[in-house]
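Student: Just my_file29.cif, nothing more (mmCIF, C-alpha atoms):
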data_run
#
loop_
_atom_site.label_atom_id
_atom_site.label_comp_id
_atom_site.auth_asym_id
_atom_site.auth_seq_id
_atom_site.Cartn_x
_atom_site.Cartn_y
_atom_site.Cartn_z
CA MET P 1 0.00 0.00 0.00
CA MET P 2 1.43 3.34 -1.06
CA PRO P 3 1.81 5.94 1.70
CA ILE P 4 -0.56 8.91 1.59
CA VAL P 5 1.09 11.91 0.00
CA THR P 6 0.30 15.19 1.73
CA HIS P 7 1.61 18.63 0.85
CA SER P 8 2.48 19.37 4.49
CA ASN P 9 5.24 16.77 4.24
CA LYS P 10 7.06 19.16 1.92
CA ILE P 11 8.33 21.20 4.87
CA LEU P 12 10.74 18.31 5.42
CA HIS P 13 12.36 19.00 2.05
CA PRO P 14 16.16 19.46 2.49
CA LEU P 15 16.24 22.87 0.79
CA PHE P 16 13.49 24.19 3.06
CA LEU P 17 15.30 22.88 6.15
CA VAL P 18 18.63 24.38 5.02
CA CYS P 19 17.03 27.80 4.46
CA LEU P 20 15.27 27.60 7.83
CA ALA P 21 18.54 26.73 9.58
CA LEU P 22 20.39 29.54 7.78
CA LEU P 23 17.69 32.06 8.72
CA LEU P 24 17.82 31.16 12.41
CA CYS P 25 21.61 31.01 12.45
CA ASN P 26 21.83 34.38 10.72
CA ASP P 27 19.32 36.15 12.97
CA PHE P 28 20.70 34.83 16.25
CA TRP P 29 24.43 34.57 15.57
CA LEU P 30 25.82 35.87 12.27
CA LYS P 31 24.13 39.29 12.50
CA GLU P 32 25.47 39.76 16.02
CA GLU P 33 28.98 38.63 15.09
CA PHE P 34 29.44 40.27 11.69
CA SER P 35 26.53 42.66 11.02
CA ASN P 36 27.29 43.45 7.37
CA VAL P 37 25.58 43.58 3.98
CA ILE P 38 25.75 39.79 3.57
CA THR P 39 24.02 39.01 6.87
CA GLY P 40 21.35 41.59 6.09
CA LYS P 41 20.56 40.11 2.69
CA LEU P 42 20.79 36.49 3.88
CA SER P 43 17.69 36.90 6.04
CA ASP P 44 15.74 38.27 3.08
CA PHE P 45 16.78 35.51 0.66
CA THR P 46 16.13 32.64 3.08
CA GLY P 47 13.00 34.18 4.58
CA LEU P 48 11.39 34.75 1.17
CA PHE P 49 11.94 31.11 0.37
CA ILE P 50 10.59 29.49 3.53
CA PHE P 51 7.65 31.88 4.13
CA PRO P 52 5.57 31.10 1.00
CA PHE P 53 6.80 27.48 1.01
CA PHE P 54 5.53 26.95 4.57
CA TRP P 55 2.06 28.41 4.03
CA SER P 56 1.67 26.68 0.66
CA ALA P 57 2.36 23.36 2.36
CA PHE P 58 -0.74 23.79 4.51
CA PHE P 59 -2.90 25.67 2.00
CA PRO P 60 -1.86 24.08 -1.34
CA LYS P 61 -5.00 25.30 -3.16
CA TYR P 62 -3.76 28.86 -2.70
CA THR P 63 -0.12 28.30 -3.63
CA ARG P 64 -0.07 30.86 -6.44
CA GLY P 65 -1.92 33.47 -4.38
CA ILE P 66 0.41 32.94 -1.42
CA HIS P 67 3.47 33.53 -3.57
CA ILE P 68 2.01 36.62 -5.23
CA SER P 69 0.90 37.98 -1.84
CA THR P 70 4.39 37.37 -0.46
CA VAL P 71 5.93 39.50 -3.22
CA LEU P 72 3.45 42.34 -2.71
CA LEU P 73 3.73 42.20 1.09
CA PHE P 74 7.53 42.31 0.96
CA ILE P 75 7.55 45.27 -1.44
CA TRP P 76 5.18 47.15 0.89
CA PHE P 77 7.02 46.11 4.05
CA LYS P 78 10.37 47.33 2.71
CA SER P 79 9.00 50.70 1.65
CA PRO P 80 8.17 53.88 3.61
CA LEU P 81 4.46 53.07 3.08
CA SER P 82 4.62 50.53 5.92
CA THR P 83 6.05 52.96 8.48
CA PRO P 84 2.71 54.26 9.86
CA VAL P 85 1.35 50.73 10.31
CA LEU P 86 4.53 49.46 11.97
CA SER P 87 4.57 52.46 14.32
CA TRP P 88 0.94 51.78 15.23
CA LEU P 89 1.64 48.10 15.94
CA ASN P 90 4.74 48.90 18.00
CA GLY P 91 2.54 51.19 20.08
CA PHE P 92 0.93 48.03 21.47
CA GLY P 93 4.25 46.77 22.81
CA LEU P 94 5.32 44.85 19.72
CA SER P 95 8.85 45.12 18.36
CA ILE P 96 8.59 45.04 14.56
CA GLY P 97 11.28 46.74 12.58
CA ARG P 98 12.90 46.91 9.19
CA VAL P 99 15.33 49.04 7.20
CA VAL P 100 14.11 50.67 3.99
CA ASP P 101 16.62 49.44 1.41
CA TYR P 102 15.41 48.94 -2.15
CA THR P 103 18.32 46.63 -2.96
CA ASP P 104 16.54 44.10 -0.72
CA TYR P 105 14.11 43.57 -3.60
CA MET P 106 16.80 41.39 -5.21
CA ALA P 107 15.79 38.71 -2.73
CA LEU P 108 12.41 38.34 -4.46
CA VAL P 109 14.11 35.84 -6.75
CA SER P 110 13.76 33.42 -3.81
CA VAL P 111 9.96 33.51 -4.23
CA VAL P 112 10.32 32.35 -7.83
CA LEU P 113 12.67 29.55 -6.76
CA CYS P 114 10.28 28.60 -3.97
CA TYR P 115 7.33 28.35 -6.36
CA TYR P 116 9.29 26.10 -8.72
CA VAL P 117 10.61 23.81 -5.99
CA PHE P 118 7.27 23.53 -4.20
CA ASN P 119 5.44 22.45 -7.35
CA ASN P 120 8.08 19.93 -8.38
CA VAL P 121 8.75 18.01 -5.19
CA THR P 122 6.99 15.21 -3.34
CA ILE P 123 7.83 13.92 0.13
CA HIS P 124 6.24 10.51 0.73
CA ARG P 125 7.38 9.83 4.28
CA SER P 126 6.00 11.78 7.17
CA TYR P 127 7.76 12.02 10.51
CA ARG P 128 5.17 13.55 12.84
CA SER P 129 7.58 14.69 15.55
CA ALA P 130 9.94 16.20 12.97
CA LYS P 131 7.09 18.06 11.29
CA VAL P 132 5.87 19.48 14.58
CA GLY P 133 9.38 20.70 15.39
CA VAL P 134 9.77 22.31 11.96
CA ILE P 135 6.37 24.01 12.28
CA TYR P 136 7.32 25.59 15.62
CA LEU P 137 10.74 26.66 14.37
CA SER P 138 9.26 28.15 11.19
CA ILE P 139 6.68 30.26 13.01
CA PHE P 140 9.34 31.34 15.52
CA SER P 141 11.68 32.38 12.69
CA PHE P 142 8.94 34.45 11.01
CA MET P 143 8.47 36.46 14.19
CA ALA P 144 12.16 36.74 15.08
CA THR P 145 13.43 37.95 11.72
CA SER P 146 11.20 41.05 11.75
CA GLN P 147 12.29 42.24 15.20
CA ILE P 148 13.71 45.74 15.49
CA PRO P 149 17.49 45.34 14.97
CA LYS P 150 19.97 46.19 17.68
CA VAL P 151 22.56 48.91 17.31
CA SER P 152 25.64 49.69 19.36
CA THR P 153 26.16 53.04 21.01
CA PHE P 154 28.30 54.46 23.81
CA TYR P 155 26.62 55.51 27.04
CA PRO P 156 28.44 58.24 29.04
CA ILE P 157 29.34 57.27 32.62
CA GLN P 158 29.97 59.82 35.36
CA ASP P 159 29.99 57.89 38.62
CA GLN P 160 32.51 55.07 38.28
CA GLU P 161 36.05 55.51 39.65
CA TYR P 162 38.35 52.68 40.73
CA TYR P 163 41.51 53.12 42.82
CA PHE P 164 44.61 50.91 42.99
CA LYS P 165 47.51 51.08 45.46
CA GLY P 166 50.32 51.68 43.02
CA THR P 167 51.55 53.84 40.17
CA LYS P 168 50.16 54.43 36.71
CA ARG P 169 53.07 52.42 35.35
CA GLU P 170 52.16 49.43 37.49
CA LEU P 171 48.51 49.73 36.55
CA ILE P 172 49.31 49.82 32.83
CA GLN P 173 51.53 46.75 33.16
CA LYS P 174 48.89 44.80 35.04
CA LEU P 175 46.14 45.96 32.67
CA ASN P 176 48.09 44.49 29.77
CA GLU P 177 48.65 41.27 31.73
CA VAL P 178 44.95 40.88 32.48
CA GLN P 179 44.02 41.39 28.83
CA VAL P 180 46.55 38.82 27.61
CA GLU P 181 45.31 36.33 30.20
CA LYS P 182 41.71 36.92 29.12
CA VAL P 183 42.63 36.25 25.48
CA GLN P 184 44.44 33.03 26.39
CA LYS P 185 41.52 31.85 28.53
CA TRP P 186 39.04 32.55 25.75
CA ASN P 187 41.08 30.73 23.11
CA ASN P 188 41.59 27.72 25.38
CA LYS P 189 37.83 27.26 25.80
CA LEU P 190 36.61 27.87 22.27
CA THR P 191 33.38 26.24 21.13
CA PRO P 192 32.70 25.36 17.46
CA VAL P 193 30.64 28.56 17.00
CA GLN P 194 33.16 30.93 18.57
CA ARG P 195 36.03 32.69 16.81
CA PRO P 196 39.57 32.95 18.17
CA ILE P 197 40.77 36.29 19.53
CA VAL P 198 44.14 37.53 18.34
CA ILE P 199 46.58 40.17 19.54
CA ASP P 200 47.95 42.36 16.77
CA SER P 201 51.56 42.81 17.86
CA VAL P 202 52.09 45.61 15.32
CA ASN P 203 49.25 47.86 16.45
CA ASP P 204 48.80 46.35 19.94
CA LEU P 205 45.12 45.76 19.24
CA ILE P 206 42.98 42.86 20.42
CA HIS P 207 40.28 41.66 18.02
CA TYR P 208 38.50 38.62 16.67
CA GLU P 209 40.33 36.64 14.02
CA LEU P 210 39.53 37.94 10.50
CA ASN P 211 37.79 41.02 11.92
CA ASP P 212 40.31 43.70 12.88
CA GLN P 213 37.70 46.45 12.62
CA TYR P 214 35.99 45.48 15.88
CA VAL P 215 38.55 46.24 18.59
CA LEU P 216 37.95 44.30 21.79
CA GLY P 217 40.88 45.87 23.61
CA ARG P 218 44.36 47.34 23.28
CA LEU P 219 47.69 46.92 24.97
CA LEU P 220 49.04 50.21 26.29
CA ASP P 221 52.62 51.35 25.76
CA ILE P 222 54.28 51.48 29.16
CA GLU P 223 55.87 54.81 28.20
CA GLU P 224 52.41 56.38 28.13
CA GLU P 225 52.59 56.55 31.93
CA LYS P 226 54.60 59.76 31.49
CA ARG P 227 51.41 61.51 30.44
CA ASP P 228 49.11 63.04 33.04
CA SER P 229 46.16 61.12 31.61
CA VAL P 230 46.35 57.82 29.71
CA TYR P 231 43.29 57.14 27.58
CA TYR P 232 42.08 53.65 26.74
CA GLN P 233 39.50 53.03 24.03
CA SER P 234 38.00 49.96 22.37
CA ASN P 235 34.68 49.12 20.76
CA LEU P 236 33.43 48.12 24.21
CA VAL P 237 34.63 50.75 26.66
CA LYS P 238 36.45 54.06 27.14
CA PHE P 239 38.30 55.03 30.31
CA VAL P 240 41.20 57.14 31.51
CA ILE P 241 44.08 56.27 33.86
CA THR P 242 45.43 58.97 36.17
CA GLN P 243 47.57 59.23 39.30
CA GLU P 244 46.31 60.62 42.61
CA ASN P 245 49.10 60.80 45.18
CA THR P 246 50.08 57.17 45.91
CA ARG P 247 47.15 55.65 44.07
CA ALA P 248 46.44 55.02 40.40
CA LYS P 249 42.88 55.53 39.25
CA ILE P 250 40.67 54.30 36.42
CA THR P 251 37.74 56.56 35.56
CA LEU P 252 35.11 54.97 33.38
CA LEU P 253 34.06 57.45 30.67
CA GLU P 254 31.76 55.53 28.32
CA ILE P 255 30.54 51.99 27.91
CA MET P 256 29.03 50.30 24.90
CA VAL P 257 25.39 49.22 25.07
CA ARG P 258 23.26 47.30 22.60
CA VAL P 259 19.78 48.72 22.11
CA GLN P 260 16.94 48.20 19.68
CA GLY P 261 16.68 50.86 17.04
CA VAL P 262 17.73 52.10 13.63
CA GLY P 263 20.06 55.05 13.04
CA ASP P 264 20.94 57.52 15.80
CA VAL P 265 19.87 56.61 19.34
CA ASP P 266 18.70 59.18 21.90
CA ILE P 267 21.02 58.47 24.84
CA THR P 268 18.89 60.52 27.23
CA LYS P 269 16.05 58.03 26.87
CA LEU P 270 18.15 54.97 27.69
CA PRO P 271 18.23 53.46 31.19
CA TYR P 272 21.49 53.45 33.11
CA PRO P 273 23.53 50.43 31.87
CA LYS P 274 23.80 48.55 35.18
CA LYS P 275 24.40 45.21 33.46
CA GLU P 276 27.24 46.53 31.30
CA VAL P 277 28.93 48.32 34.23
CA ARG P 278 28.76 45.16 36.34
CA ALA P 279 30.33 43.21 33.48
CA PHE P 280 33.13 45.79 33.24
CA LYS P 281 33.85 45.44 36.96
CA ARG P 282 33.74 41.64 36.80
CA ASN P 283 35.87 41.23 33.68
CA LEU P 284 38.47 43.95 34.20
CA ILE P 285 38.41 45.75 37.53
CA SER P 286 38.19 42.66 39.75
CA PRO P 287 41.10 40.85 38.03
CA LEU P 288 43.15 44.05 38.29
CA LYS P 289 42.40 44.40 42.02
CA LYS P 290 43.71 40.89 42.59
CA LYS P 291 47.07 41.84 41.11
CA PHE P 292 47.69 44.65 43.62
#
Represent the supplied structure as structure tokens.
Tutor:
Amino acid sequence: MMPIVTHSNKILHPLFLVCLALLLCNDFWLKEEFSNVITGKLSDFTGLFIFPFFWSAFFPKYTRGIHISTVLLFIWFKSPLSTPVLSWLNGFGLSIGRVVDYTDYMALVSVVLCYYVFNNVTIHRSYRSAKVGVIYLSIFSFMATSQIPKVSTFYPIQDQEYYFKGTKRELIQKLNEVQVEKVQKWNNKLTPVQRPIVIDSVNDLIHYELNDQYVLGRLLDIEEEKRDSVYYQSNLVKFVITQENTRAKITLLEIMVRVQGVGDVDITKLPYPKKEVRAFKRNLISPLKKKF
């Protein structure tokens, strides 16, 4: 007896599963790690394949209409015409966002590919538990990929000063030691999805491998201690080292925060970054204190 062929089995097609995995991986890892043109377009290409494919699998009589509607909806969504509606929806506590970029329309080719694949594939076997899992992941991905993106910005700090019993020279030396130790610890415990951190001996910069634009830290020249104020800056934090009598001092100036939004962020409307300041104390100040 031949197994019953149902269209819903098509969501187990390898190409659909690959696109679903890429979409989730991109939205929850690649965008955070790289955040470039490729990661932005990848969500559009994969999303425009799995969205009409998924709904066509459960409403096969409306396959053509679903694909046409997907094209029209995407064109509207990626245009300024959708702004009033999105603003209205976000007023109810939702978090729907997008960037108006007409080059995103290139991804509409995925809808054409989806229509061809859907109408030329048959999946005979049905694994109920696998289908249920794919259904949940698909719906989750549809909601997650339209969330307002996060941007990085520096928050000014005015109330964080840390004292050390020693000289600026000693503090600079120990600061460099702590950073090197942190890099070694990170690289010794790498997981398959994490990238190594390298120390650029030429520029004394600390960054992820293959991404020298995002500076995680920097090693200070010991001769800088001759200056009254020694400034430290990375993509994560800004602070200044000074000397007060017999004590060296670190004054936190700005700290990087990740917030939802597009374009310039109004710092005055952001809450004080307690979490980020605690992380700064835990990852840098506490190890430094132990060395004095």
Student: In Å, how far is it from atom CA of Ile222 of chain P to atom CA of Glu254 of chain P?
Tutor: 22.9 Å
Student: Which residues come within 10 Å of Tyr232 of chain P, counting all atoms listed in the file, excluding same-chain residues fewer than 2 positions away, as a ChimeraX atom specification?
Tutor: /P:217-220,229-230,234,237-241,250,252-253
Student: Using only C-alpha atoms, which of the listed residues (P:Ala21, P:Ile206, P:Leu270, P:Val178) sits closest to Ser138 of chain P?
Tutor: P:Ala21
Student: Just the residues within 8 Å of segment 77-87 of chain P, please, counting only C-alpha atoms, with nothing from its chain fewer than 4 positions along; format it as an mmCIF file with C-alpha atoms, in the frame of the given file.
Tutor:
data_model
loop_
_atom_site.group_PDB
_atom_site.id
_atom_site.type_symbol
_atom_site.label_atom_id
_atom_site.label_comp_id
_atom_site.auth_asym_id
_atom_site.auth_seq_id
_atom_site.Cartn_x
_atom_site.Cartn_y
_atom_site.Cartn_z
ATOM 1 C CA LEU P 73 3.730 42.200 1.090
ATOM 2 C CA GLY P 91 2.540 51.190 20.080
ATOM 3 C CA ILE P 96 8.590 45.040 14.560
ATOM 4 C CA GLY P 97 11.280 46.740 12.580
ATOM 5 C CA ARG P 98 12.900 46.910 9.190
ATOM 6 C CA VAL P 99 15.330 49.040 7.200
ATOM 7 C CA VAL P 100 14.110 50.670 3.990
ATOM 8 C CA ASP P 101 16.620 49.440 1.410
ATOM 9 C CA TYR P 102 15.410 48.940 -2.150
ATOM 10 C CA ASP P 104 16.540 44.100 -0.720
#
Student: Run the PyMOL selection byres ((chain P and resi 7) around 12) mentally over the shown coordinates, then write out the matched residues as a ChimeraX atom specification, using the chain letters and numbers from the document.
Tutor: /P:4-6,8-13,53-61,63,118-126,131
Student: Enter the distance from atom CA of Leu22 of chain P to atom CA of Ser43 of chain P, in Å, rounded to one decimal.
Tutor: 8.0 Å
Student: Take the PyMOL selection byres ((chain P and resi 23-26) around 8), run it mentally on this structure, and tell me the resulting residues as a PyMOL selection string.
Tutor: chain P and resi 19-22+27-31+39+42-43+46-47+141+145
Student: Within 10 Å of Leu210 of chain P, counting all atoms listed in the file, which residues qualify if same-chain residues fewer than 2 places away don't, as a list in words?
Tutor: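 Returned residues: Arg195, Pro196, Ile197, Val198, His207, Tyr208, Asp212, Gln213 and Tyr214 of chain P.
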Student: Taking C-alpha atoms for each residue, export the selection above as a compact mmCIF listing (two decimals), keeping the file's coordinate frame.
Tutor:
# COMPACT_ATOMS: atom_id res chain seq x y z
CA ARG P 195 36.03 32.69 16.81
CA PRO P 196 39.57 32.95 18.17
CA ILE P 197 40.77 36.29 19.53
CA VAL P 198 44.14 37.53 18.34
CA HIS P 207 40.28 41.66 18.02
CA TYR P 208 38.50 38.62 16.67
CA ASP P 212 40.31 43.70 12.88
CA GLN P 213 37.70 46.45 12.62
CA TYR P 214 35.99 45.48 15.88
Student: So, with all atoms listed in the file as the atoms that count, which of P:Asn235, P:Ile50, P:Gly40, P:Gly65 lies closest to Phe154 of chain P?
Tutor: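 So, comparing all the options, the nearest one is P:Asn235.
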Student: Identify, on the basis of only C-alpha atoms, every residue whose closest approach to segment 168-174 of chain P does not exceed 6 Å; exclude the query and any residue fewer than 3 positions from it along the same chain; express the result as number ranges by chain.
Tutor: P: 177, 225, 248
Student: Quick one: of P:Lys41, P:Thr191, P:Phe92, P:Leu205, who's nearest to Gln233 of chain P, counting all atoms listed in the file?
Tutor: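 Checking each candidate against Gln233 of chain P, we get P:Leu205 as the closest.
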Student: What gap, in Å, lies between atom CA of Tyr272 of chain P and atom CA of Gln179 of chain P?
Tutor: 25.9 Å
Student: Here is a test: counting all atoms listed in the file, which residue of P:Ile139, P:Val132, P:Val151, P:Ile199 is nearest to Val257 of chain P?
Tutor: P:Val151
Student: Once the PyMOL selection byres ((chain P and resi 68) around 12) has been applied to the shown file, what residues remain in the selection, as JSON, numbers by chain?
Tutor: {"P": [48, 51, 52, 56, 62, 63, 64, 65, 66, 67, 69, 70, 71, 72, 73, 74, 75, 108, 111, 112, 114, 115]}
Student: Return as CSV the residues of segment 85-172 of chain P lying at most 10 Å from segment 283-289 of chain P, together with the closest atom-to-atom pair for each and the distance in Å to one decimal, counting all atoms listed in the file, with rows in chain order and ascending residue number.
Tutor:
residue,atom,partner,partner_atom,distance
P:Tyr162,CA,P:Ile285,CA,7.6
P:Tyr163,CA,P:Lys289,CA,8.8
P:Phe164,CA,P:Lys289,CA,6.9
P:Lys165,CA,P:Lys289,CA,9.1
P:Leu171,CA,P:Leu288,CA,8.0
Student: Determine, counting all atoms listed in the file, which protein, DNA and RNA residues have an atom within 8 Å of an atom of Thr167 of chain P; residues of the same chain fewer than 6 positions away are not included. Present the result as a list in words.
Tutor: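 Within the cut-off, the hits are Gln243, Thr246, Arg247 and Ala248 of chain P.
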Student: Compare P:Gln194, P:Lys291, P:Ala144, P:Val18 by their minimum atom-to-atom distance to Leu175 of chain P, counting all atoms listed in the file, and give me the closest one.
Tutor: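 For Leu175 of chain P, the nearest of the candidates is P:Lys291.
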Student: Let me make sure I understand: among P:Ala279, P:Leu236, P:Leu17, P:Ile38, which one has the smallest atom-to-atom distance to Tyr155 of chain P if we use only C-alpha atoms?
Tutor: P:Leu236
Student: With 3 Å of padding per side, what axis-aligned box (centre and edge lengths, Å, one decimal) covers all the listed atoms of segment 211-225 of chain P? Give it as lines of an AutoDock Vina configuration file.
Tutor:
center_x = 45.9
center_y = 48.8
center_z = 21.9
size_x = 25.9
size_y = 21.5
size_z = 26.0
Student: Can you sort out segment 69-81 of chain P so it carries N, CA and C atoms, written as a short mmCIF file (atom, residue, chain, number, x, y, z; two decimals), in the frame of the given file?
Tutor:
data_model
loop_
_atom_site.label_atom_id
_atom_site.label_comp_id
_atom_site.auth_asym_id
_atom_site.auth_seq_id
_atom_site.Cartn_x
_atom_site.Cartn_y
_atom_site.Cartn_z
N SER P 69 1.10 37.15 -3.04
CA SER P 69 0.90 37.98 -1.84
C SER P 69 2.21 38.24 -1.12
N THR P 70 3.08 37.22 -1.10
CA THR P 70 4.39 37.37 -0.46
C THR P 70 5.21 38.46 -1.13
N VAL P 71 5.19 38.48 -2.46
CA VAL P 71 5.93 39.50 -3.22
C VAL P 71 5.39 40.89 -2.89
N LEU P 72 4.07 41.03 -2.95
CA LEU P 72 3.45 42.34 -2.71
C LEU P 72 3.67 42.79 -1.27
N LEU P 73 3.55 41.87 -0.32
CA LEU P 73 3.73 42.20 1.09
C LEU P 73 5.17 42.64 1.36
N PHE P 74 6.13 41.97 0.75
CA PHE P 74 7.53 42.31 0.96
C PHE P 74 7.85 43.68 0.37
N ILE P 75 7.33 43.96 -0.82
CA ILE P 75 7.55 45.27 -1.44
C ILE P 75 6.99 46.38 -0.55
N TRP P 76 5.79 46.15 -0.01
CA TRP P 76 5.18 47.15 0.89
C TRP P 76 5.96 47.27 2.19
N PHE P 77 6.33 46.13 2.76
CA PHE P 77 7.02 46.11 4.05
C PHE P 77 8.36 46.83 3.99
N LYS P 78 9.05 46.73 2.87
CA LYS P 78 10.37 47.33 2.71
C LYS P 78 10.32 48.75 2.15
N SER P 79 9.15 49.34 2.15
CA SER P 79 9.00 50.70 1.65
C SER P 79 8.53 51.62 2.77
N PRO P 80 8.65 52.93 2.60
CA PRO P 80 8.17 53.88 3.61
C PRO P 80 6.67 53.78 3.86
N LEU P 81 5.91 53.19 2.93
CA LEU P 81 4.46 53.07 3.08
C LEU P 81 4.07 52.26 4.32
#
